[in-house]
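Novice: The file below is protein.pdb, PDB, C-alpha atoms:
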```pdb
ATOM      1  CA  MET A   1      52.691 -95.699-179.187  1.00  0.00           C
ATOM      2  CA  ASN A   2      52.899 -94.654-182.823  1.00  0.00           C
ATOM      3  CA  LEU A   3      56.088 -94.614-184.884  1.00  0.00           C
ATOM      4  CA  THR A   4      56.646 -90.866-184.522  1.00  0.00           C
ATOM      5  CA  GLU A   5      56.432 -91.068-180.734  1.00  0.00           C
ATOM      6  CA  ILE A   6      58.842 -94.008-180.643  1.00  0.00           C
ATOM      7  CA  LEU A   7      61.289 -92.065-182.835  1.00  0.00           C
ATOM      8  CA  ARG A   8      61.067 -89.096-180.465  1.00  0.00           C
ATOM      9  CA  GLN A   9      61.796 -91.290-177.456  1.00  0.00           C
ATOM     10  CA  ARG A  10      64.670 -93.189-179.073  1.00  0.00           C
ATOM     11  CA  ARG A  11      67.854 -91.612-177.784  1.00  0.00           C
ATOM     12  CA  SER A  12      71.413 -92.642-176.980  1.00  0.00           C
ATOM     13  CA  TYR A  13      71.203 -93.972-173.439  1.00  0.00           C
ATOM     14  CA  TYR A  14      74.529 -94.193-171.633  1.00  0.00           C
ATOM     15  CA  VAL A  15      73.383 -94.835-168.066  1.00  0.00           C
ATOM     16  CA  LEU A  16      72.171 -98.415-168.239  1.00  0.00           C
ATOM     17  CA  ASN A  17      71.438-101.155-165.751  1.00  0.00           C
ATOM     18  CA  ARG A  18      70.410-104.809-165.866  1.00  0.00           C
ATOM     19  CA  ASN A  19      66.795-104.235-164.818  1.00  0.00           C
ATOM     20  CA  LEU A  20      64.819-104.913-167.981  1.00  0.00           C
ATOM     21  CA  PRO A  21      61.106-104.047-168.045  1.00  0.00           C
ATOM     22  CA  VAL A  22      60.427-107.218-170.088  1.00  0.00           C
ATOM     23  CA  SER A  23      61.588-110.804-169.864  1.00  0.00           C
ATOM     24  CA  GLU A  24      64.724-111.925-171.687  1.00  0.00           C
ATOM     25  CA  LYS A  25      62.535-114.336-173.652  1.00  0.00           C
ATOM     26  CA  ASP A  26      60.261-111.515-174.879  1.00  0.00           C
ATOM     27  CA  LEU A  27      63.264-109.357-175.712  1.00  0.00           C
ATOM     28  CA  LEU A  28      64.950-112.070-177.769  1.00  0.00           C
ATOM     29  CA  GLU A  29      61.702-112.924-179.578  1.00  0.00           C
ATOM     30  CA  LYS A  30      61.392-109.250-180.584  1.00  0.00           C
ATOM     31  CA  ILE A  31      64.991-109.098-181.840  1.00  0.00           C
ATOM     32  CA  GLU A  32      64.522-112.297-183.853  1.00  0.00           C
ATOM     33  CA  GLY A  33      61.235-110.993-185.264  1.00  0.00           C
ATOM     34  CA  TYR A  34      62.731-107.654-186.299  1.00  0.00           C
ATOM     35  CA  THR A  35      65.660-109.427-187.939  1.00  0.00           C
ATOM     36  CA  GLU A  36      63.281-111.516-190.012  1.00  0.00           C
ATOM     37  CA  LEU A  37      61.133-108.539-191.049  1.00  0.00           C
ATOM     38  CA  VAL A  38      63.789-106.014-192.103  1.00  0.00           C
ATOM     39  CA  PRO A  39      64.374-106.098-195.881  1.00  0.00           C
ATOM     40  CA  ASP A  40      67.676-106.748-197.628  1.00  0.00           C
ATOM     41  CA  ALA A  41      68.494-106.092-201.308  1.00  0.00           C
ATOM     42  CA  PHE A  42      67.827-109.141-203.492  1.00  0.00           C
ATOM     43  CA  ASP A  43      66.568-110.817-200.310  1.00  0.00           C
ATOM     44  CA  MET A  44      70.173-111.835-199.683  1.00  0.00           C
ATOM     45  CA  LYS A  45      69.760-112.031-195.883  1.00  0.00           C
ATOM     46  CA  SER A  46      73.290-110.772-195.261  1.00  0.00           C
ATOM     47  CA  SER A  47      72.761-109.431-191.717  1.00  0.00           C
ATOM     48  CA  ARG A  48      73.959-111.399-188.719  1.00  0.00           C
ATOM     49  CA  ILE A  49      73.420-110.654-185.030  1.00  0.00           C
ATOM     50  CA  VAL A  50      74.933-111.883-181.786  1.00  0.00           C
ATOM     51  CA  VAL A  51      73.159-110.929-178.553  1.00  0.00           C
ATOM     52  CA  ALA A  52      75.519-110.984-175.565  1.00  0.00           C
ATOM     53  CA  LEU A  53      73.818-111.442-172.189  1.00  0.00           C
ATOM     54  CA  GLY A  54      74.925-112.275-168.641  1.00  0.00           C
ATOM     55  CA  ASP A  55      78.539-113.396-168.367  1.00  0.00           C
ATOM     56  CA  LYS A  56      79.061-112.909-172.116  1.00  0.00           C
ATOM     57  CA  GLN A  57      78.056-109.256-171.710  1.00  0.00           C
ATOM     58  CA  ASP A  58      80.814-108.844-169.122  1.00  0.00           C
ATOM     59  CA  ASP A  59      83.308-110.837-171.191  1.00  0.00           C
ATOM     60  CA  LEU A  60      82.542-108.743-174.281  1.00  0.00           C
ATOM     61  CA  TRP A  61      83.187-105.369-172.673  1.00  0.00           C
ATOM     62  CA  ASN A  62      86.281-106.668-170.865  1.00  0.00           C
ATOM     63  CA  ALA A  63      87.597-107.878-174.241  1.00  0.00           C
ATOM     64  CA  ILE A  64      86.818-104.496-175.816  1.00  0.00           C
ATOM     65  CA  PHE A  65      88.725-102.699-173.065  1.00  0.00           C
ATOM     66  CA  GLU A  66      91.679-105.071-173.460  1.00  0.00           C
ATOM     67  CA  ALA A  67      91.679-104.729-177.268  1.00  0.00           C
ATOM     68  CA  PHE A  68      92.405-101.022-176.869  1.00  0.00           C
ATOM     69  CA  GLY A  69      95.249-101.654-174.430  1.00  0.00           C
ATOM     70  CA  GLY A  70      93.862 -99.198-171.892  1.00  0.00           C
ATOM     71  CA  LYS A  71      93.488 -96.353-174.416  1.00  0.00           C
ATOM     72  CA  VAL A  72      89.716 -96.181-173.833  1.00  0.00           C
ATOM     73  CA  LYS A  73      88.457 -94.900-170.487  1.00  0.00           C
ATOM     74  CA  ARG A  74      87.487 -97.776-168.220  1.00  0.00           C
ATOM     75  CA  ASP A  75      84.470 -95.901-166.833  1.00  0.00           C
ATOM     76  CA  LYS A  76      83.066 -95.460-170.348  1.00  0.00           C
ATOM     77  CA  ILE A  77      83.391 -99.191-171.006  1.00  0.00           C
ATOM     78  CA  ALA A  78      81.965 -99.953-167.546  1.00  0.00           C
ATOM     79  CA  GLY A  79      78.900 -97.882-168.433  1.00  0.00           C
ATOM     80  CA  PHE A  80      78.184-100.089-171.441  1.00  0.00           C
ATOM     81  CA  GLN A  81      79.053-103.231-169.492  1.00  0.00           C
ATOM     82  CA  ALA A  82      76.501-102.245-166.804  1.00  0.00           C
ATOM     83  CA  GLY A  83      73.699-102.844-169.295  1.00  0.00           C
ATOM     84  CA  ALA A  84      71.717-106.056-169.587  1.00  0.00           C
ATOM     85  CA  GLY A  85      73.260-106.969-172.927  1.00  0.00           C
ATOM     86  CA  THR A  86      74.735-105.926-176.244  1.00  0.00           C
ATOM     87  CA  VAL A  87      73.532-106.544-179.782  1.00  0.00           C
ATOM     88  CA  LEU A  88      76.473-107.039-182.136  1.00  0.00           C
ATOM     89  CA  TYR A  89      75.733-106.319-185.804  1.00  0.00           C
ATOM     90  CA  PHE A  90      77.543-108.052-188.662  1.00  0.00           C
ATOM     91  CA  TYR A  91      77.127-108.840-192.312  1.00  0.00           C
ATOM     92  CA  ASP A  92      78.312-112.071-193.884  1.00  0.00           C
ATOM     93  CA  THR A  93      80.909-111.474-196.616  1.00  0.00           C
ATOM     94  CA  GLU A  94      80.323-114.999-197.989  1.00  0.00           C
ATOM     95  CA  VAL A  95      76.724-114.075-198.780  1.00  0.00           C
ATOM     96  CA  ILE A  96      77.963-110.898-200.487  1.00  0.00           C
ATOM     97  CA  SER A  97      80.486-112.869-202.546  1.00  0.00           C
ATOM     98  CA  GLN A  98      77.821-115.343-203.645  1.00  0.00           C
ATOM     99  CA  MET A  99      75.547-112.506-204.749  1.00  0.00           C
ATOM    100  CA  GLN A 100      78.427-110.827-206.587  1.00  0.00           C
ATOM    101  CA  GLY A 101      79.030-114.078-208.465  1.00  0.00           C
ATOM    102  CA  GLN A 102      75.364-114.374-209.417  1.00  0.00           C
ATOM    103  CA  PHE A 103      75.071-110.730-210.510  1.00  0.00           C
ATOM    104  CA  PRO A 104      78.530-109.615-211.710  1.00  0.00           C
ATOM    105  CA  ARG A 105      77.254-106.389-213.296  1.00  0.00           C
ATOM    106  CA  LEU A 106      75.982-105.283-209.879  1.00  0.00           C
ATOM    107  CA  SER A 107      78.839-106.746-207.832  1.00  0.00           C
ATOM    108  CA  GLU A 108      80.216-103.475-206.475  1.00  0.00           C
ATOM    109  CA  ASN A 109      76.809-102.625-204.965  1.00  0.00           C
ATOM    110  CA  PHE A 110      76.340-105.663-202.729  1.00  0.00           C
ATOM    111  CA  PRO A 111      78.607-104.496-199.852  1.00  0.00           C
ATOM    112  CA  LEU A 112      76.799-101.139-199.851  1.00  0.00           C
ATOM    113  CA  TRP A 113      73.399-102.835-199.923  1.00  0.00           C
ATOM    114  CA  ALA A 114      74.450-105.067-197.010  1.00  0.00           C
ATOM    115  CA  LEU A 115      75.393-101.977-195.009  1.00  0.00           C
ATOM    116  CA  GLN A 116      72.044-100.396-195.837  1.00  0.00           C
ATOM    117  CA  ALA A 117      70.214-103.514-194.653  1.00  0.00           C
ATOM    118  CA  SER A 118      72.257-103.552-191.456  1.00  0.00           C
ATOM    119  CA  GLY A 119      71.495 -99.872-190.887  1.00  0.00           C
ATOM    120  CA  MET A 120      67.782-100.560-191.238  1.00  0.00           C
ATOM    121  CA  LEU A 121      68.077-103.476-188.828  1.00  0.00           C
ATOM    122  CA  GLN A 122      70.035-101.418-186.293  1.00  0.00           C
ATOM    123  CA  PHE A 123      67.457 -98.638-186.464  1.00  0.00           C
ATOM    124  CA  THR A 124      64.540-101.060-186.179  1.00  0.00           C
ATOM    125  CA  ILE A 125      65.988-102.872-183.167  1.00  0.00           C
ATOM    126  CA  TRP A 126      66.984 -99.596-181.483  1.00  0.00           C
ATOM    127  CA  ASN A 127      63.446 -98.245-181.818  1.00  0.00           C
ATOM    128  CA  GLY A 128      61.948-101.616-180.900  1.00  0.00           C
ATOM    129  CA  LEU A 129      64.004-101.677-177.708  1.00  0.00           C
ATOM    130  CA  ARG A 130      62.800 -98.185-176.848  1.00  0.00           C
ATOM    131  CA  GLU A 131      59.193 -99.219-177.452  1.00  0.00           C
ATOM    132  CA  LEU A 132      59.780-101.937-174.822  1.00  0.00           C
ATOM    133  CA  GLY A 133      61.078 -99.324-172.364  1.00  0.00           C
ATOM    134  CA  ILE A 134      64.726-100.326-172.894  1.00  0.00           C
ATOM    135  CA  GLY A 135      67.522 -97.817-173.451  1.00  0.00           C
ATOM    136  CA  ALA A 136      70.377 -98.358-175.922  1.00  0.00           C
ATOM    137  CA  SER A 137      73.131 -96.602-177.830  1.00  0.00           C
ATOM    138  CA  LEU A 138      75.054 -97.435-180.971  1.00  0.00           C
ATOM    139  CA  GLN A 139      78.828 -97.837-180.616  1.00  0.00           C
ATOM    140  CA  HIS A 140      81.627 -98.374-183.126  1.00  0.00           C
ATOM    141  CA  TYR A 141      84.702 -99.934-181.532  1.00  0.00           C
ATOM    142  CA  ASN A 142      85.343-101.994-184.641  1.00  0.00           C
ATOM    143  CA  PRO A 143      87.650-102.790-186.392  1.00  0.00           C
ATOM    144  CA  VAL A 144      89.971-102.721-183.353  1.00  0.00           C
ATOM    145  CA  ILE A 145      87.822-105.316-181.555  1.00  0.00           C
ATOM    146  CA  ASP A 146      86.997-107.555-184.528  1.00  0.00           C
ATOM    147  CA  ASP A 147      89.396-110.397-183.753  1.00  0.00           C
ATOM    148  CA  ALA A 148      88.593-110.399-180.027  1.00  0.00           C
ATOM    149  CA  VAL A 149      84.841-110.541-180.715  1.00  0.00           C
ATOM    150  CA  LYS A 150      85.185-113.362-183.250  1.00  0.00           C
ATOM    151  CA  LYS A 151      87.324-115.346-180.820  1.00  0.00           C
ATOM    152  CA  LEU A 152      85.016-114.718-177.852  1.00  0.00           C
ATOM    153  CA  PHE A 153      81.911-115.927-179.679  1.00  0.00           C
ATOM    154  CA  GLY A 154      83.502-118.463-182.056  1.00  0.00           C
ATOM    155  CA  LEU A 155      82.277-116.615-185.148  1.00  0.00           C
ATOM    156  CA  PRO A 156      83.039-117.364-188.781  1.00  0.00           C
ATOM    157  CA  ALA A 157      85.845-115.379-190.400  1.00  0.00           C
ATOM    158  CA  SER A 158      83.347-114.201-193.035  1.00  0.00           C
ATOM    159  CA  TRP A 159      81.318-112.144-190.552  1.00  0.00           C
ATOM    160  CA  LYS A 160      82.204-108.427-190.708  1.00  0.00           C
ATOM    161  CA  LEU A 161      81.467-106.488-187.513  1.00  0.00           C
ATOM    162  CA  ILE A 162      79.619-103.227-188.137  1.00  0.00           C
ATOM    163  CA  ALA A 163      78.384-101.900-184.778  1.00  0.00           C
ATOM    164  CA  GLN A 164      77.690-102.664-181.134  1.00  0.00           C
ATOM    165  CA  MET A 165      74.460-101.727-179.313  1.00  0.00           C
ATOM    166  CA  PRO A 166      74.659-101.963-175.518  1.00  0.00           C
ATOM    167  CA  PHE A 167      71.170-101.952-173.995  1.00  0.00           C
ATOM    168  CA  GLY A 168      69.504-102.188-170.623  1.00  0.00           C
ATOM    169  CA  GLY A 169      67.214-100.639-168.115  1.00  0.00           C
ATOM    170  CA  ILE A 170      67.275 -96.847-168.239  1.00  0.00           C
ATOM    171  CA  GLY A 171      69.300 -95.461-165.332  1.00  0.00           C
ATOM    172  CA  ALA A 172      69.014 -91.817-166.389  1.00  0.00           C
ATOM    173  CA  GLU A 173      67.408 -89.855-169.193  1.00  0.00           C
ATOM    174  CA  PRO A 174      69.756 -88.009-171.560  1.00  0.00           C
ATOM    175  CA  GLU A 175      69.714 -84.224-171.796  1.00  0.00           C
ATOM    176  CA  PRO A 176      67.015 -82.788-174.083  1.00  0.00           C
ATOM    177  CA  LYS A 177      68.021 -82.359-177.710  1.00  0.00           C
ATOM    178  CA  ASP A 178      68.019 -78.968-179.387  1.00  0.00           C
ATOM    179  CA  LYS A 179      65.617 -78.577-182.284  1.00  0.00           C
ATOM    180  CA  GLU A 180      67.606 -78.392-185.496  1.00  0.00           C
ATOM    181  CA  ASP A 181      66.938 -76.319-188.572  1.00  0.00           C
ATOM    182  CA  ILE A 182      65.875 -79.245-190.726  1.00  0.00           C
ATOM    183  CA  SER A 183      65.920 -77.100-193.884  1.00  0.00           C
ATOM    184  CA  ASN A 184      69.702 -77.562-193.898  1.00  0.00           C
ATOM    185  CA  ARG A 185      69.170 -81.263-194.578  1.00  0.00           C
ATOM    186  CA  VAL A 186      65.793 -81.480-196.303  1.00  0.00           C
ATOM    187  CA  TRP A 187      65.341 -79.423-199.436  1.00  0.00           C
ATOM    188  CA  ILE A 188      61.866 -79.187-200.922  1.00  0.00           C
ATOM    189  CA  ARG A 189      61.640 -78.323-204.595  1.00  0.00           C
ATOM    190  CA  LYS A 190      58.489 -77.987-206.721  1.00  0.00           C
TER     191      LYS A 190
END
```
Translate this structure into C-alpha cells?
Specialist:
Amino acid sequence: MNLTEILRQRRSYYVLNRNLPVSEKDLLEKIEGYTELVPDAFDMKSSRIVVALGDKQDDLWNAIFEAFGGKVKRDKIAGFQAGAGTVLYFYDTEVISQMQGQFPRLSENFPLWALQASGMLQFTIWNGLRELGIGASLQHYNPVIDDAVKKLFGLPASWKLIAQMPFGGIGAEPEPKDKEDISNRVWIRK
C-alpha cells in the first residue's frame, strides 16, 4: 500500500475487538520503530508513549470512567476498552525545561515544538496501525484523567498526557466520509 491509500483507509474506528491481525510482538516493534523515526525539534526526543495491553487495558478504561465520576457514558468507555490496547501519548516537561535552559531565546517555542512532534508521532502510529489492518481512534480525556493514569502506570510527574489512542481488531467499518471542498482550507496563489 502507498501512503495515499493508507491515509484514505485511516479512519476513527469505534467498534474494536481484541483480535489483532498481527502478533503483539510485531505491533510493539512497529510502535517502537515509529517512535524512533519521527522527528522532534532540536532532536530533543520529548515524546513518551505507554502502550496498555491485557489487564492494563481494562484497568486504564475503568480508571478513565471512574475519573469522570460517571459523567461519561459507560458504553462509550466500554467500546474503547473492548480494543486490544491503548497508546497513551505524553511529552516530558523536564526535557522541555532543559532545552529552554540551553536556548533561552527560543524557550517559549519548545512546548509548541513538543506538541508538534507528538502530533507527528500520533499520526504516524495511527496510519501505521491501519497499514497493519488495525483500527484506532484518537481520544482526549485528559486532563481529567492525568492523575489516575500516572498512578496506574507509575509515571514521572514530568510526563504531560496529550492523547489516548485505543486500538484493536476492526469490528465494523465507519460510515463513508463526505468529500469536502478542500479550497476552503488550501489556498493556491501564484
Novice: Which residues of region 89-121 of chain A come within 10 Å of region 157-168 of chain A, and what is each one's closest atom pair and distance in Å (one decimal), counting all atoms listed in the file, sorted by chain and residue number, as a Markdown table?
Specialist:
```
| residue | atom | partner | partner_atom | distance |
| --- | --- | --- | --- | --- |
| A:Tyr89 | CA | A:Ala163 | CA | 5.3 |
| A:Phe90 | CA | A:Leu161 | CA | 4.4 |
| A:Tyr91 | CA | A:Lys160 | CA | 5.3 |
| A:Asp92 | CA | A:Trp159 | CA | 4.5 |
| A:Thr93 | CA | A:Ser158 | CA | 5.1 |
| A:Glu94 | CA | A:Ser158 | CA | 5.9 |
| A:Val95 | CA | A:Ser158 | CA | 8.8 |
| A:Ile96 | CA | A:Ser158 | CA | 9.8 |
| A:Leu115 | CA | A:Ile162 | CA | 8.2 |
| A:Ser118 | CA | A:Ile162 | CA | 8.1 |
| A:Gly119 | CA | A:Ile162 | CA | 9.2 |
```
Novice: Would you mind listing what lies within 9 Å of Pro174 (chain A) as an MDAnalysis selection string, with only C-alpha atoms counted and same-chain residues fewer than 6 positions away left out?
Specialist: chainID A and resid 11:15
Novice: Just the number, please: distance in Å from CA of Gly171 (chain A) to CA of Arg130 (chain A), one decimal.
Specialist: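 Computing the Euclidean distance for CA of Gly171 (chain A) and CA of Arg130 (chain A) yields 13.5 Å.
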Novice: Pull out every residue that the PyMOL selection byres ((chain A and resi 2-6) around 10) matches in the shown coordinates and put them as a PyMOL selection string.
Specialist: chain A and resi 1+7-11+126-132
Novice: Using the chain letters and numbers from this file, what does the PyMOL selection byres ((chain A and resi 18-28) around 12) select? Give the answer as a PyMOL selection string.
Specialist: chain A and resi 15-17+29-35+49-54+57-58+79-87+125-126+128-136+166-171
Novice: Would you compute the box with edges along x, y and z of the file around region 151-157 of chain A, including every atom the file lists for it and 4 Å extra on each side, and give its centre and edge lengths in Å to one decimal, as JSON?
Specialist:
```
{"center_x": 84.6, "center_y": -116.6, "center_z": -184.1, "size_x": 13.4, "size_y": 11.7, "size_z": 20.5}
```
Novice: Figure out the distance between CA of Ala148 (chain A) and CA of Ile64 (chain A), please, to one decimal in Å.
Specialist: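 Computing the Euclidean distance for CA of Ile64 (chain A) and CA of Ala148 (chain A) yields 7.5 Å.
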Novice: Report, in Å to a single decimal, how far apart CA of Glu108 (chain A) and CA of Leu138 (chain A) are.
Specialist: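 Pair CA of Leu138 (chain A) / CA of Glu108 (chain A) returns 26.7 Å.
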Novice: Rank A:Ala67, A:Val186, A:Ala172, A:Leu60 by their smallest atom-to-atom distance to Ile145 (chain A), using all atoms listed in the file, and report the top residue only.
Specialist: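 Ranked by minimum distance to Ile145 (chain A), first place goes to A:Ala67.
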Novice: Starting from the incomplete input, reconstruct N, CA and C atoms of region 87-111 of chain A and write that as a PDB file, keeping the file's coordinate frame.
Specialist:
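Dumped to selection.pdb:
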```pdb
ATOM      1  N   VAL A  87      73.794-105.965-178.462  1.00  0.00           N
ATOM      2  CA  VAL A  87      73.532-106.544-179.782  1.00  0.00           C
ATOM      3  C   VAL A  87      74.734-106.201-180.655  1.00  0.00           C
ATOM      4  N   LEU A  88      75.349-107.217-181.218  1.00  0.00           N
ATOM      5  CA  LEU A  88      76.473-107.039-182.136  1.00  0.00           C
ATOM      6  C   LEU A  88      75.950-107.247-183.554  1.00  0.00           C
ATOM      7  N   TYR A  89      76.233-106.281-184.424  1.00  0.00           N
ATOM      8  CA  TYR A  89      75.733-106.319-185.804  1.00  0.00           C
ATOM      9  C   TYR A  89      76.866-106.658-186.768  1.00  0.00           C
ATOM     10  N   PHE A  90      76.581-107.596-187.662  1.00  0.00           N
ATOM     11  CA  PHE A  90      77.543-108.052-188.662  1.00  0.00           C
ATOM     12  C   PHE A  90      76.839-108.163-190.009  1.00  0.00           C
ATOM     13  N   TYR A  91      77.640-108.264-191.066  1.00  0.00           N
ATOM     14  CA  TYR A  91      77.127-108.840-192.312  1.00  0.00           C
ATOM     15  C   TYR A  91      78.091-109.929-192.734  1.00  0.00           C
ATOM     16  N   ASP A  92      77.551-110.891-193.484  1.00  0.00           N
ATOM     17  CA  ASP A  92      78.312-112.071-193.884  1.00  0.00           C
ATOM     18  C   ASP A  92      78.911-111.840-195.262  1.00  0.00           C
ATOM     19  N   THR A  93      80.235-111.737-195.338  1.00  0.00           N
ATOM     20  CA  THR A  93      80.909-111.474-196.616  1.00  0.00           C
ATOM     21  C   THR A  93      80.770-112.645-197.592  1.00  0.00           C
ATOM     22  N   GLU A  94      80.549-113.861-197.087  1.00  0.00           N
ATOM     23  CA  GLU A  94      80.323-114.999-197.989  1.00  0.00           C
ATOM     24  C   GLU A  94      79.030-114.817-198.772  1.00  0.00           C
ATOM     25  N   VAL A  95      78.005-114.340-198.106  1.00  0.00           N
ATOM     26  CA  VAL A  95      76.724-114.075-198.780  1.00  0.00           C
ATOM     27  C   VAL A  95      76.936-113.013-199.855  1.00  0.00           C
ATOM     28  N   ILE A  96      77.687-111.984-199.525  1.00  0.00           N
ATOM     29  CA  ILE A  96      77.963-110.898-200.487  1.00  0.00           C
ATOM     30  C   ILE A  96      78.704-111.470-201.703  1.00  0.00           C
ATOM     31  N   SER A  97      79.711-112.282-201.448  1.00  0.00           N
ATOM     32  CA  SER A  97      80.486-112.869-202.546  1.00  0.00           C
ATOM     33  C   SER A  97      79.616-113.737-203.451  1.00  0.00           C
ATOM     34  N   GLN A  98      78.730-114.513-202.843  1.00  0.00           N
ATOM     35  CA  GLN A  98      77.821-115.343-203.645  1.00  0.00           C
ATOM     36  C   GLN A  98      76.929-114.478-204.529  1.00  0.00           C
ATOM     37  N   MET A  99      76.405-113.394-203.964  1.00  0.00           N
ATOM     38  CA  MET A  99      75.547-112.506-204.749  1.00  0.00           C
ATOM     39  C   MET A  99      76.344-111.817-205.859  1.00  0.00           C
ATOM     40  N   GLN A 100      77.580-111.450-205.572  1.00  0.00           N
ATOM     41  CA  GLN A 100      78.427-110.827-206.587  1.00  0.00           C
ATOM     42  C   GLN A 100      78.685-111.790-207.743  1.00  0.00           C
ATOM     43  N   GLY A 101      78.841-113.078-207.421  1.00  0.00           N
ATOM     44  CA  GLY A 101      79.030-114.078-208.465  1.00  0.00           C
ATOM     45  C   GLY A 101      77.788-114.281-209.312  1.00  0.00           C
ATOM     46  N   GLN A 102      76.630-114.198-208.687  1.00  0.00           N
ATOM     47  CA  GLN A 102      75.364-114.374-209.417  1.00  0.00           C
ATOM     48  C   GLN A 102      75.011-113.158-210.273  1.00  0.00           C
ATOM     49  N   PHE A 103      75.426-111.977-209.823  1.00  0.00           N
ATOM     50  CA  PHE A 103      75.071-110.730-210.510  1.00  0.00           C
ATOM     51  C   PHE A 103      76.316-109.869-210.698  1.00  0.00           C
ATOM     52  N   PRO A 104      77.241-110.304-211.583  1.00  0.00           N
ATOM     53  CA  PRO A 104      78.530-109.615-211.710  1.00  0.00           C
ATOM     54  C   PRO A 104      78.407-108.144-212.117  1.00  0.00           C
ATOM     55  N   ARG A 105      77.395-107.797-212.875  1.00  0.00           N
ATOM     56  CA  ARG A 105      77.254-106.389-213.296  1.00  0.00           C
ATOM     57  C   ARG A 105      76.876-105.477-212.125  1.00  0.00           C
ATOM     58  N   LEU A 106      76.382-106.054-211.054  1.00  0.00           N
ATOM     59  CA  LEU A 106      75.982-105.283-209.879  1.00  0.00           C
ATOM     60  C   LEU A 106      76.919-105.517-208.696  1.00  0.00           C
ATOM     61  N   SER A 107      78.012-106.238-208.934  1.00  0.00           N
ATOM     62  CA  SER A 107      78.839-106.746-207.832  1.00  0.00           C
ATOM     63  C   SER A 107      79.324-105.669-206.869  1.00  0.00           C
ATOM     64  N   GLU A 108      79.679-104.498-207.381  1.00  0.00           N
ATOM     65  CA  GLU A 108      80.216-103.475-206.475  1.00  0.00           C
ATOM     66  C   GLU A 108      79.160-102.930-205.511  1.00  0.00           C
ATOM     67  N   ASN A 109      77.885-103.157-205.803  1.00  0.00           N
ATOM     68  CA  ASN A 109      76.809-102.625-204.965  1.00  0.00           C
ATOM     69  C   ASN A 109      76.477-103.496-203.756  1.00  0.00           C
ATOM     70  N   PHE A 110      76.788-104.772-203.800  1.00  0.00           N
ATOM     71  CA  PHE A 110      76.340-105.663-202.729  1.00  0.00           C
ATOM     72  C   PHE A 110      76.892-105.313-201.340  1.00  0.00           C
ATOM     73  N   PRO A 111      78.164-104.922-201.194  1.00  0.00           N
ATOM     74  CA  PRO A 111      78.607-104.496-199.852  1.00  0.00           C
ATOM     75  C   PRO A 111      77.830-103.270-199.348  1.00  0.00           C
TER      76      PRO A 111
END
```
